[in-house]
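*Asks:* Just so it is clear, I am handing over target_10.txt, which has compact mmCIF, C-alpha atoms and all ligand atoms.
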# COMPACT_ATOMS: atom_id res chain seq x y z
CA MET A 1306 -22.46 24.99 -12.74
CA ARG A 1307 -23.92 22.23 -10.59
CA LEU A 1308 -24.13 24.32 -7.41
CA LYS A 1309 -25.24 27.66 -8.86
CA ASP A 1310 -27.24 29.82 -6.41
CA LYS A 1311 -26.33 27.59 -3.47
CA THR A 1312 -24.76 28.84 -0.25
CA ILE A 1313 -22.67 26.09 1.29
CA LEU A 1314 -20.74 26.04 4.56
CA ILE A 1315 -17.83 23.60 4.93
CA SER A 1316 -15.96 22.92 8.19
CA ALA A 1317 -12.32 21.78 8.41
CA ALA A 1318 -11.79 23.69 5.18
CA GLY A 1319 -8.22 24.74 5.95
CA GLN A 1320 -6.68 21.56 4.59
CA GLY A 1321 -7.37 18.05 3.31
CA ILE A 1322 -10.78 16.91 2.10
CA GLY A 1323 -12.57 20.00 3.48
CA ARG A 1324 -10.30 22.39 1.60
CA ALA A 1325 -10.54 20.48 -1.67
CA SER A 1326 -14.32 20.34 -1.23
CA ALA A 1327 -14.53 24.10 -0.69
CA ILE A 1328 -12.62 24.69 -3.94
CA ALA A 1329 -14.65 22.11 -5.87
CA CYS A 1330 -17.96 23.61 -4.67
CA ALA A 1331 -16.83 27.15 -5.52
CA ARG A 1332 -15.83 25.99 -9.00
CA GLU A 1333 -19.34 24.58 -9.43
CA GLY A 1334 -20.81 28.02 -8.75
CA ALA A 1335 -21.61 27.85 -5.01
CA ARG A 1336 -21.12 30.69 -2.59
CA VAL A 1337 -18.75 28.87 -0.25
CA ILE A 1338 -18.30 29.76 3.41
CA ALA A 1339 -15.18 27.96 4.60
CA VAL A 1340 -14.54 27.57 8.32
CA ASP A 1341 -11.69 26.07 10.31
CA ILE A 1342 -10.04 26.50 13.70
CA ASN A 1343 -6.70 27.11 11.92
CA GLU A 1344 -6.67 30.69 10.68
CA ALA A 1345 -3.30 30.33 8.92
CA THR A 1346 -4.33 27.55 6.54
CA LEU A 1347 -7.76 29.10 6.06
CA ALA A 1348 -6.22 32.45 5.09
CA THR A 1349 -4.55 30.91 2.02
CA LEU A 1350 -7.83 29.54 0.66
CA PRO A 1351 -9.17 32.72 -1.02
CA GLU A 1352 -5.74 33.17 -2.62
CA GLU A 1353 -6.08 29.75 -4.19
CA CYS A 1354 -9.76 30.16 -5.04
CA PRO A 1355 -10.97 33.77 -5.09
CA GLY A 1356 -14.51 34.31 -3.85
CA ILE A 1357 -14.45 31.78 -1.01
CA GLU A 1358 -15.40 33.44 2.29
CA ILE A 1359 -13.50 32.40 5.38
CA HIS A 1360 -14.37 32.47 9.07
CA LYS A 1361 -12.39 31.12 11.99
CA LEU A 1362 -14.61 28.64 13.82
CA ASP A 1363 -14.03 26.05 16.52
CA VAL A 1364 -16.77 23.47 15.97
CA CYS A 1365 -16.37 22.40 19.60
CA ASP A 1366 -17.55 25.84 20.76
CA GLY A 1367 -21.34 26.07 20.73
CA ALA A 1368 -21.38 29.83 21.41
CA GLN A 1369 -19.08 30.51 18.43
CA ILE A 1370 -21.30 28.38 16.19
CA GLU A 1371 -24.49 30.17 17.31
CA ALA A 1372 -22.86 33.57 16.79
CA LEU A 1373 -21.69 32.65 13.28
CA ALA A 1374 -25.06 31.19 12.33
CA GLY A 1375 -26.66 34.48 13.41
CA ARG A 1376 -24.40 36.45 11.06
CA LEU A 1377 -24.64 34.22 7.99
CA PRO A 1378 -27.40 33.83 5.42
CA ALA A 1379 -29.50 30.67 5.42
CA LEU A 1380 -27.62 27.69 3.96
CA ASP A 1381 -28.53 25.36 1.11
CA GLY A 1382 -25.68 23.03 1.98
CA LEU A 1383 -23.74 22.15 5.13
CA PHE A 1384 -20.71 19.87 5.03
CA ASN A 1385 -19.63 18.89 8.55
CA CYS A 1386 -16.11 17.70 7.76
CA ALA A 1387 -14.12 18.28 10.97
CA GLY A 1388 -12.78 15.19 12.70
CA TYR A 1389 -9.82 13.64 14.48
CA VAL A 1390 -8.23 10.17 14.24
CA HIS A 1391 -7.36 8.57 17.58
CA ASN A 1392 -4.79 5.79 17.28
CA GLY A 1393 -5.00 2.88 19.70
CA THR A 1394 -6.90 -0.11 21.01
CA VAL A 1395 -9.65 0.17 23.60
CA LEU A 1396 -6.95 -0.32 26.27
CA ASP A 1397 -5.13 2.83 25.14
CA ILE A 1398 -8.14 5.16 25.31
CA SER A 1399 -8.29 7.55 28.28
CA GLU A 1400 -11.49 9.24 29.47
CA ASP A 1401 -10.11 12.50 28.06
CA ASP A 1402 -9.36 10.90 24.67
CA TRP A 1403 -12.90 9.54 24.59
CA ALA A 1404 -14.45 12.91 25.45
CA PHE A 1405 -12.28 14.82 22.96
CA SER A 1406 -13.00 12.52 20.02
CA PHE A 1407 -16.72 12.47 20.70
CA ASP A 1408 -16.80 16.24 21.05
CA LEU A 1409 -14.95 16.94 17.79
CA ASN A 1410 -16.19 14.06 15.65
CA ILE A 1411 -19.87 13.92 16.52
CA THR A 1412 -21.08 16.47 19.10
CA SER A 1413 -19.79 19.21 16.79
CA MET A 1414 -22.15 17.93 14.07
CA PHE A 1415 -25.08 17.98 16.49
CA ARG A 1416 -24.23 21.61 17.34
CA MET A 1417 -23.79 22.66 13.71
CA SER A 1418 -27.00 20.94 12.63
CA LYS A 1419 -29.00 22.60 15.42
CA ALA A 1420 -27.61 26.01 14.58
CA PHE A 1421 -27.97 25.86 10.79
CA LEU A 1422 -31.06 23.68 10.30
CA PRO A 1423 -33.61 26.45 10.95
CA GLY A 1424 -32.16 28.47 8.03
CA MET A 1425 -31.94 25.35 5.88
CA ARG A 1426 -35.62 24.63 6.51
CA GLU A 1427 -36.44 28.10 5.15
CA ARG A 1428 -34.32 27.46 2.05
CA ALA A 1429 -35.91 24.05 1.55
CA LYS A 1430 -39.37 25.61 1.89
CA ALA A 1431 -38.48 28.16 -0.78
CA ASN A 1432 -36.54 25.89 -3.16
CA GLY A 1433 -37.70 22.38 -2.30
CA THR A 1434 -34.29 21.16 -1.17
CA ALA A 1435 -31.32 21.56 1.17
CA SER A 1436 -28.54 19.10 1.92
CA ILE A 1437 -26.44 18.19 4.96
CA LEU A 1438 -23.35 16.07 4.46
CA ASN A 1439 -21.60 14.58 7.47
CA MET A 1440 -18.08 13.20 7.34
CA SER A 1441 -17.99 9.58 8.49
CA SER A 1442 -15.48 6.96 7.34
CA MET A 1443 -15.21 3.38 6.13
CA ALA A 1444 -13.86 2.91 9.68
CA SER A 1445 -17.28 3.13 11.39
CA SER A 1446 -20.23 0.76 11.70
CA LEU A 1447 -19.24 -0.36 8.17
CA LYS A 1448 -15.90 -1.96 9.02
CA GLY A 1449 -13.51 -2.32 11.94
CA PHE A 1450 -9.80 -1.52 11.66
CA PRO A 1451 -6.96 -2.17 14.11
CA MET A 1452 -6.14 0.80 16.37
CA ARG A 1453 -9.27 2.67 15.34
CA THR A 1454 -11.80 1.70 18.04
CA LEU A 1455 -12.51 5.22 19.29
CA TYR A 1456 -12.40 6.76 15.82
CA GLY A 1457 -14.68 4.09 14.36
CA THR A 1458 -17.11 4.44 17.27
CA THR A 1459 -17.49 8.18 16.68
CA LYS A 1460 -17.82 7.69 12.91
CA ALA A 1461 -20.50 5.04 13.48
CA ALA A 1462 -22.34 7.64 15.57
CA VAL A 1463 -22.09 10.04 12.63
CA ILE A 1464 -24.10 7.55 10.56
CA GLY A 1465 -26.72 7.36 13.34
CA LEU A 1466 -27.03 11.15 13.51
CA THR A 1467 -27.25 11.30 9.71
CA LYS A 1468 -30.08 8.80 9.54
CA GLY A 1469 -31.96 10.51 12.37
CA ILE A 1470 -31.82 13.94 10.70
CA ALA A 1471 -32.70 12.40 7.34
CA ALA A 1472 -35.77 10.69 8.83
CA ASP A 1473 -36.98 13.76 10.70
CA PHE A 1474 -36.74 16.23 7.81
CA VAL A 1475 -37.29 14.14 4.68
CA LYS A 1476 -40.80 15.52 4.18
CA GLU A 1477 -39.44 19.08 4.24
CA GLY A 1478 -36.98 18.49 1.40
CA ILE A 1479 -33.92 18.37 3.64
CA ARG A 1480 -31.59 15.51 2.85
CA CYS A 1481 -28.79 14.27 5.08
CA ASN A 1482 -26.07 11.83 4.03
CA ALA A 1483 -22.72 10.60 5.34
CA LEU A 1484 -19.54 10.36 3.29
CA CYS A 1485 -17.39 7.34 4.15
CA PRO A 1486 -13.93 7.70 2.60
CA GLY A 1487 -11.19 5.13 2.48
CA THR A 1488 -7.62 6.18 3.28
CA VAL A 1489 -7.07 9.64 1.84
CA ASP A 1490 -3.69 11.28 1.39
CA THR A 1491 -4.11 14.45 3.48
CA PRO A 1492 -1.84 16.40 5.87
CA SER A 1493 -3.21 14.53 8.87
CA LEU A 1494 -2.62 11.13 7.22
CA ARG A 1495 0.96 12.23 6.50
CA GLY A 1496 1.21 13.15 10.19
CA ARG A 1497 -0.03 9.70 11.26
CA ILE A 1498 2.53 8.06 8.95
CA ALA A 1499 5.34 10.28 10.25
CA ALA A 1500 4.39 9.53 13.87
CA ALA A 1501 4.61 5.75 13.36
CA PRO A 1502 7.66 3.97 14.81
CA ASP A 1503 8.70 3.11 11.22
CA PRO A 1504 7.12 5.66 8.83
CA VAL A 1505 8.29 3.87 5.65
CA GLU A 1506 6.74 0.62 6.85
CA ALA A 1507 3.58 2.48 7.97
CA GLU A 1508 3.07 4.00 4.51
CA LYS A 1509 3.67 0.59 2.90
CA ASN A 1510 1.03 -0.92 5.20
CA PHE A 1511 -1.54 1.76 4.37
CA ILE A 1512 -0.98 1.12 0.65
CA ALA A 1513 -0.92 -2.68 1.08
CA ARG A 1514 -4.55 -2.69 2.26
CA GLN A 1515 -5.68 -0.77 -0.87
CA PRO A 1516 -7.17 -3.10 -3.53
CA MET A 1517 -6.52 -0.41 -6.13
CA GLY A 1518 -2.87 -0.24 -5.10
CA ARG A 1519 -2.84 3.38 -4.03
CA LEU A 1520 -4.17 5.79 -1.42
CA ALA A 1521 -7.10 8.02 -2.31
CA THR A 1522 -6.47 11.66 -3.17
CA VAL A 1523 -8.73 14.48 -2.05
CA ASP A 1524 -9.84 14.75 -5.68
CA ASP A 1525 -11.21 11.22 -5.46
CA MET A 1526 -13.59 12.54 -2.75
CA THR A 1527 -14.78 15.86 -4.18
CA PRO A 1528 -17.01 14.47 -6.97
CA MET A 1529 -19.12 12.68 -4.33
CA VAL A 1530 -19.17 15.80 -2.14
CA VAL A 1531 -20.40 17.98 -5.02
CA TYR A 1532 -22.96 15.33 -6.00
CA LEU A 1533 -24.38 15.03 -2.47
CA LEU A 1534 -24.61 18.80 -2.03
CA SER A 1535 -26.19 19.29 -5.46
CA ASP A 1536 -29.72 18.62 -6.65
CA GLU A 1537 -28.40 15.69 -8.69
CA SER A 1538 -28.68 13.65 -5.47
CA ARG A 1539 -32.26 14.84 -4.85
CA PHE A 1540 -33.57 11.26 -4.31
CA VAL A 1541 -30.74 10.23 -1.96
CA SER A 1542 -31.06 10.65 1.79
CA GLY A 1543 -30.02 8.89 4.99
CA GLN A 1544 -27.23 7.01 3.22
CA ALA A 1545 -23.63 6.22 4.19
CA LEU A 1546 -21.80 6.47 0.88
CA LEU A 1547 -18.48 4.65 0.67
CA VAL A 1548 -15.71 6.06 -1.53
CA ASP A 1549 -13.00 3.63 -0.46
CA GLY A 1550 -11.30 2.24 -3.56
CA GLY A 1551 -12.86 -1.14 -2.89
CA VAL A 1552 -11.48 -1.73 0.62
CA THR A 1553 -14.88 -2.94 1.82
CA ILE A 1554 -15.65 -5.08 -1.25
P1 LIG A 1601 -7.07 16.87 8.17
O1 LIG A 1601 -7.28 15.95 9.33
O2 LIG A 1601 -5.74 16.92 7.53
O3 LIG A 1601 -7.50 18.33 8.59
C1 LIG A 1601 -8.53 18.52 9.52
C2 LIG A 1601 -8.89 20.00 9.57
O4 LIG A 1601 -9.82 20.15 10.64
C3 LIG A 1601 -7.71 20.90 9.87
O5 LIG A 1601 -7.70 21.99 8.97
C4 LIG A 1601 -7.99 21.38 11.30
O6 LIG A 1601 -7.50 22.68 11.58
C5 LIG A 1601 -9.52 21.32 11.33
N1 LIG A 1601 -10.03 21.26 12.70
C6 LIG A 1601 -9.55 20.50 13.71
N2 LIG A 1601 -10.23 20.77 14.84
C7 LIG A 1601 -11.18 21.70 14.52
C8 LIG A 1601 -12.18 22.37 15.26
N3 LIG A 1601 -12.35 22.14 16.57
N4 LIG A 1601 -12.96 23.26 14.63
C9 LIG A 1601 -12.79 23.51 13.32
N5 LIG A 1601 -11.86 22.92 12.55
C10 LIG A 1601 -11.06 22.01 13.16
O7 LIG A 1601 -8.17 16.57 7.07
P2 LIG A 1601 -8.68 15.19 6.46
O8 LIG A 1601 -7.69 14.10 6.65
O9 LIG A 1601 -9.17 15.55 5.12
O10 LIG A 1601 -9.94 14.81 7.39
C11 LIG A 1601 -11.14 15.53 7.29
C12 LIG A 1601 -12.26 14.64 7.74
O11 LIG A 1601 -12.30 13.47 6.93
C13 LIG A 1601 -12.18 14.16 9.19
O12 LIG A 1601 -13.45 14.14 9.76
C14 LIG A 1601 -11.64 12.75 9.05
O13 LIG A 1601 -11.99 11.93 10.13
C15 LIG A 1601 -12.34 12.33 7.77
N6 LIG A 1601 -11.72 11.20 7.10
C16 LIG A 1601 -10.41 11.29 6.69
C17 LIG A 1601 -9.82 10.21 6.08
C18 LIG A 1601 -8.37 10.23 5.64
O14 LIG A 1601 -7.82 9.15 5.34
N7 LIG A 1601 -7.72 11.38 5.57
C19 LIG A 1601 -10.56 9.03 5.86
C20 LIG A 1601 -11.90 8.99 6.27
C21 LIG A 1601 -12.46 10.09 6.89
Would you mind writing the file's structure down as structure tokens?
Ligand code: NAD
*Replies:*
Amino acid sequence: MRLKDKTILISAAGQGIGRASAIACAREGARVIAVDINEATLATLPEECPGIEIHKLDVCDGAQIEALAGRLPALDGLFNCAGYVHNGTVLDISEDDWAFSFDLNITSMFRMSKAFLPGMRERAKANGTASILNMSSMASSLKGFPMRTLYGTTKAAVIGLTKGIAADFVKEGIRCNALCPGTVDTPSLRGRIAAAPDPVEAEKNFIARQPMGRLATVDDMTPMVVYLLSDESRFVSGQALLVDGGVTI
């Protein structure tokens, strides 16, 4: 039980990487608090993995975050997973697109960190450690991809936020890292493929850029999530960890 006695909150836990992470952390003994804006997908989580607590939360709503933080126990782990993929070049991005992606992909993490860090400091004082994990991407400051300018810009900012928090709280035992996945087969990826002018071609193209010849599964991500939220990663902080099947080799 690698996460025994740890209380961990995970956002975007209704589906995809967040959901798989919630289940993986619960199976490693954590008390998991799963949050998502989508109540319907969230509601099926405790059926699949009994013991997981669920709360509807919009990570773009600061008041909701503050209210939830006030009701919950102090956290040992926080996985800020929520994010949105904008598709287009810089010429396609509207002011509203820009504001929305920044709000969901990065400002939400600033809000969550501010709300939950005070409790995490207490836990770190008592136990020597607490861990924040922020969802970035290989599409960030690490690599550029066509049609991902806005997405990659926000995910680069995630790495900046991660390093800032890591630097400020390293002496208190709080670690902060960013997970940078490759292309992961999740409901939203399926949606992006389906929305392409030629979905069959779009899927082929996603797979063609994979050196390992396949897309990642959510289960390719969860071992790194568990590791970064566990004490096994106690000497790792401020890092952007790529799990991309070799795309950035
Ligand atoms: P997904 O996109 O399929 O699901 C996202 C979840 O976030 C949904 O359950 C949705 O309801 C929730 N959500 C959306 N807005 C929210 C809000 N305001 N408040 C709370 N929850 C909200 O899941 P995914 O593809 O696993 O992506 C999860 C994260 O991983 C994102 O940050 C994404 O950018 C990142 N990521 C994904 C991939 C990939 O290929 N799938 C690759 C790299 C990084």
*Asks:* Which one of A:Ile1498, A:Leu1547, A:Ala1513, A:Leu1362 sits closest to ligand LIG 1601 (chain A) if you count all atoms listed in the file?
*Replies:* A:Leu1362
*Asks:* Please return as a PDB file with C-alpha atoms, keeping the file's coordinate frame the residues found within 9 Å of ligand LIG 1601 (chain A), counting all atoms listed in the file.
*Replies:*
ATOM      1  CA  SER A1316     -15.960  22.920   8.190  1.00  0.00           C
ATOM      2  CA  ALA A1317     -12.320  21.780   8.410  1.00  0.00           C
ATOM      3  CA  ALA A1318     -11.790  23.690   5.180  1.00  0.00           C
ATOM      4  CA  GLY A1319      -8.220  24.740   5.950  1.00  0.00           C
ATOM      5  CA  GLN A1320      -6.680  21.560   4.590  1.00  0.00           C
ATOM      6  CA  GLY A1321      -7.370  18.050   3.310  1.00  0.00           C
ATOM      7  CA  ILE A1322     -10.780  16.910   2.100  1.00  0.00           C
ATOM      8  CA  GLY A1323     -12.570  20.000   3.480  1.00  0.00           C
ATOM      9  CA  ARG A1324     -10.300  22.390   1.600  1.00  0.00           C
ATOM     10  CA  ALA A1325     -10.540  20.480  -1.670  1.00  0.00           C
ATOM     11  CA  VAL A1340     -14.540  27.570   8.320  1.00  0.00           C
ATOM     12  CA  ASP A1341     -11.690  26.070  10.310  1.00  0.00           C
ATOM     13  CA  ILE A1342     -10.040  26.500  13.700  1.00  0.00           C
ATOM     14  CA  ASN A1343      -6.700  27.110  11.920  1.00  0.00           C
ATOM     15  CA  GLU A1344      -6.670  30.690  10.680  1.00  0.00           C
ATOM     16  CA  THR A1346      -4.330  27.550   6.540  1.00  0.00           C
ATOM     17  CA  LEU A1347      -7.760  29.100   6.060  1.00  0.00           C
ATOM     18  CA  LYS A1361     -12.390  31.120  11.990  1.00  0.00           C
ATOM     19  CA  LEU A1362     -14.610  28.640  13.820  1.00  0.00           C
ATOM     20  CA  ASP A1363     -14.030  26.050  16.520  1.00  0.00           C
ATOM     21  CA  VAL A1364     -16.770  23.470  15.970  1.00  0.00           C
ATOM     22  CA  CYS A1365     -16.370  22.400  19.600  1.00  0.00           C
ATOM     23  CA  ASP A1366     -17.550  25.840  20.760  1.00  0.00           C
ATOM     24  CA  ASN A1385     -19.630  18.890   8.550  1.00  0.00           C
ATOM     25  CA  CYS A1386     -16.110  17.700   7.760  1.00  0.00           C
ATOM     26  CA  ALA A1387     -14.120  18.280  10.970  1.00  0.00           C
ATOM     27  CA  GLY A1388     -12.780  15.190  12.700  1.00  0.00           C
ATOM     28  CA  TYR A1389      -9.820  13.640  14.480  1.00  0.00           C
ATOM     29  CA  VAL A1390      -8.230  10.170  14.240  1.00  0.00           C
ATOM     30  CA  ASP A1408     -16.800  16.240  21.050  1.00  0.00           C
ATOM     31  CA  LEU A1409     -14.950  16.940  17.790  1.00  0.00           C
ATOM     32  CA  ASN A1410     -16.190  14.060  15.650  1.00  0.00           C
ATOM     33  CA  SER A1413     -19.790  19.210  16.790  1.00  0.00           C
ATOM     34  CA  ASN A1439     -21.600  14.580   7.470  1.00  0.00           C
ATOM     35  CA  MET A1440     -18.080  13.200   7.340  1.00  0.00           C
ATOM     36  CA  SER A1441     -17.990   9.580   8.490  1.00  0.00           C
ATOM     37  CA  SER A1442     -15.480   6.960   7.340  1.00  0.00           C
ATOM     38  CA  MET A1443     -15.210   3.380   6.130  1.00  0.00           C
ATOM     39  CA  ALA A1444     -13.860   2.910   9.680  1.00  0.00           C
ATOM     40  CA  TYR A1456     -12.400   6.760  15.820  1.00  0.00           C
ATOM     41  CA  LYS A1460     -17.820   7.690  12.910  1.00  0.00           C
ATOM     42  CA  LEU A1484     -19.540  10.360   3.290  1.00  0.00           C
ATOM     43  CA  CYS A1485     -17.390   7.340   4.150  1.00  0.00           C
ATOM     44  CA  PRO A1486     -13.930   7.700   2.600  1.00  0.00           C
ATOM     45  CA  GLY A1487     -11.190   5.130   2.480  1.00  0.00           C
ATOM     46  CA  THR A1488      -7.620   6.180   3.280  1.00  0.00           C
ATOM     47  CA  VAL A1489      -7.070   9.640   1.840  1.00  0.00           C
ATOM     48  CA  ASP A1490      -3.690  11.280   1.390  1.00  0.00           C
ATOM     49  CA  THR A1491      -4.110  14.450   3.480  1.00  0.00           C
ATOM     50  CA  PRO A1492      -1.840  16.400   5.870  1.00  0.00           C
ATOM     51  CA  SER A1493      -3.210  14.530   8.870  1.00  0.00           C
ATOM     52  CA  LEU A1494      -2.620  11.130   7.220  1.00  0.00           C
ATOM     53  CA  ARG A1495       0.960  12.230   6.500  1.00  0.00           C
ATOM     54  CA  GLY A1496       1.210  13.150  10.190  1.00  0.00           C
ATOM     55  CA  LEU A1520      -4.170   5.790  -1.420  1.00  0.00           C
ATOM     56  CA  ALA A1521      -7.100   8.020  -2.310  1.00  0.00           C
ATOM     57  CA  THR A1522      -6.470  11.660  -3.170  1.00  0.00           C
ATOM     58  CA  VAL A1523      -8.730  14.480  -2.050  1.00  0.00           C
ATOM     59  CA  ASP A1549     -13.000   3.630  -0.460  1.00  0.00           C
TER      60      ASP A1549
END
*Asks:* Give the answer as one residue: which of A:Ala1500, A:Leu1377, A:Gly1367, A:Val1541 has the shortest atom-to-atom distance to A:Ala1472, using all atoms listed in the file?
*Replies:*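 Answer, going by the shortest atom-to-atom distance: A:Val1541.
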*Asks:* Go through A:Gly1465, A:Gly1478, A:Pro1502, A:Gly1393 and flag the residue nearest A:Met1452, using all atoms listed in the file for the distances.
*Replies:*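 Once distances to A:Met1452 are computed over all atoms listed in the file, the minimum belongs to A:Gly1393.
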*Asks:* Near A:Ala1329, within 10 Å and counting only C-alpha atoms, which residues show up once chain neighbours fewer than 4 positions away are dropped, as a list in words?
*Replies:*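 The contact residues come out as Leu1308, Gly1323, Arg1324, Ala1325, Glu1333, Gly1334, Ala1335, Val1337, Cys1354, Asp1524, Thr1527, Pro1528, Val1530 and Val1531 of chain A.
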*Asks:* So how many Å separate atom CA of A:Leu1314 and atom CA of A:Ser1406, to one decimal?
*Replies:* 21.9 Å
*Asks:* Output, as lines of an AutoDock Vina configuration file, the centre and edge lengths in Å (one decimal) of the axis-aligned box that contains all listed atoms of stretch 1312-1329 of chain A with 8 Å of margin on each side.
*Replies:*
center_x = -15.7
center_y = 22.9
center_z = 1.3
size_x = 34.1
size_y = 27.9
size_z = 30.3
*Asks:* Given the choices A:Ile1398, A:Ile1437, A:Ala1507, A:Leu1447, which gets closest to A:Leu1383 if the distance is worked out from all atoms listed in the file?
*Replies:*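 Going through A:Ile1398, A:Ile1437, A:Ala1507, A:Leu1447 one by one, the smallest distance to A:Leu1383 is for A:Ile1437.
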*Asks:* Return stretch 1442-1449 of chain A, completed with all heavy atoms, as an mmCIF file, keeping the file's coordinate frame.
*Replies:*
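Final file, out-v8.cif:
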data_model
loop_
_atom_site.group_PDB
_atom_site.id
_atom_site.type_symbol
_atom_site.label_atom_id
_atom_site.label_comp_id
_atom_site.auth_asym_id
_atom_site.auth_seq_id
_atom_site.Cartn_x
_atom_site.Cartn_y
_atom_site.Cartn_z
ATOM 1 N N SER A 1442 -16.683 7.654 7.803
ATOM 2 C CA SER A 1442 -15.480 6.960 7.340
ATOM 3 C C SER A 1442 -15.856 5.511 7.046
ATOM 4 O O SER A 1442 -16.873 5.008 7.556
ATOM 5 C CB SER A 1442 -14.409 6.983 8.434
ATOM 6 O OG SER A 1442 -13.303 6.178 8.070
ATOM 7 N N MET A 1443 -15.008 4.830 6.256
ATOM 8 C CA MET A 1443 -15.210 3.380 6.130
ATOM 9 C C MET A 1443 -14.948 2.724 7.491
ATOM 10 O O MET A 1443 -15.485 1.657 7.790
ATOM 11 C CB MET A 1443 -14.299 2.794 5.048
ATOM 12 C CG MET A 1443 -12.822 2.863 5.337
ATOM 13 S SD MET A 1443 -11.860 2.041 4.039
ATOM 14 C CE MET A 1443 -10.180 2.381 4.600
ATOM 15 N N ALA A 1444 -14.110 3.377 8.314
ATOM 16 C CA ALA A 1444 -13.860 2.910 9.680
ATOM 17 C C ALA A 1444 -14.992 3.447 10.553
ATOM 18 O O ALA A 1444 -14.933 4.573 11.054
ATOM 19 C CB ALA A 1444 -12.512 3.407 10.183
ATOM 20 N N SER A 1445 -16.050 2.659 10.714
ATOM 21 C CA SER A 1445 -17.280 3.130 11.390
ATOM 22 C C SER A 1445 -18.100 1.889 11.704
ATOM 23 O O SER A 1445 -17.521 0.845 12.018
ATOM 24 C CB SER A 1445 -18.029 4.078 10.437
ATOM 25 O OG SER A 1445 -18.328 3.406 9.217
ATOM 26 N N SER A 1446 -19.419 1.976 11.569
ATOM 27 C CA SER A 1446 -20.230 0.760 11.700
ATOM 28 C C SER A 1446 -20.044 -0.128 10.475
ATOM 29 O O SER A 1446 -20.499 -1.278 10.467
ATOM 30 C CB SER A 1446 -21.712 1.133 11.849
ATOM 31 O OG SER A 1446 -22.081 2.055 10.846
ATOM 32 N N LEU A 1447 -19.370 0.381 9.426
ATOM 33 C CA LEU A 1447 -19.240 -0.360 8.170
ATOM 34 C C LEU A 1447 -18.101 -1.364 8.192
ATOM 35 O O LEU A 1447 -18.158 -2.388 7.534
ATOM 36 C CB LEU A 1447 -19.063 0.627 7.003
ATOM 37 C CG LEU A 1447 -20.197 1.654 6.873
ATOM 38 C CD1 LEU A 1447 -19.877 2.682 5.808
ATOM 39 C CD2 LEU A 1447 -21.524 0.956 6.570
ATOM 40 N N LYS A 1448 -17.042 -1.032 8.939
ATOM 41 C CA LYS A 1448 -15.900 -1.960 9.020
ATOM 42 C C LYS A 1448 -15.027 -1.562 10.214
ATOM 43 O O LYS A 1448 -14.877 -0.374 10.502
ATOM 44 C CB LYS A 1448 -15.082 -1.900 7.715
ATOM 45 C CG LYS A 1448 -13.932 -2.911 7.648
ATOM 46 C CD LYS A 1448 -13.353 -3.018 6.231
ATOM 47 C CE LYS A 1448 -12.016 -3.753 6.208
ATOM 48 N NZ LYS A 1448 -12.094 -5.154 6.643
ATOM 49 N N GLY A 1449 -14.451 -2.579 10.851
ATOM 50 C CA GLY A 1449 -13.510 -2.320 11.940
ATOM 51 C C GLY A 1449 -12.081 -2.359 11.427
ATOM 52 O O GLY A 1449 -11.765 -3.119 10.510
#
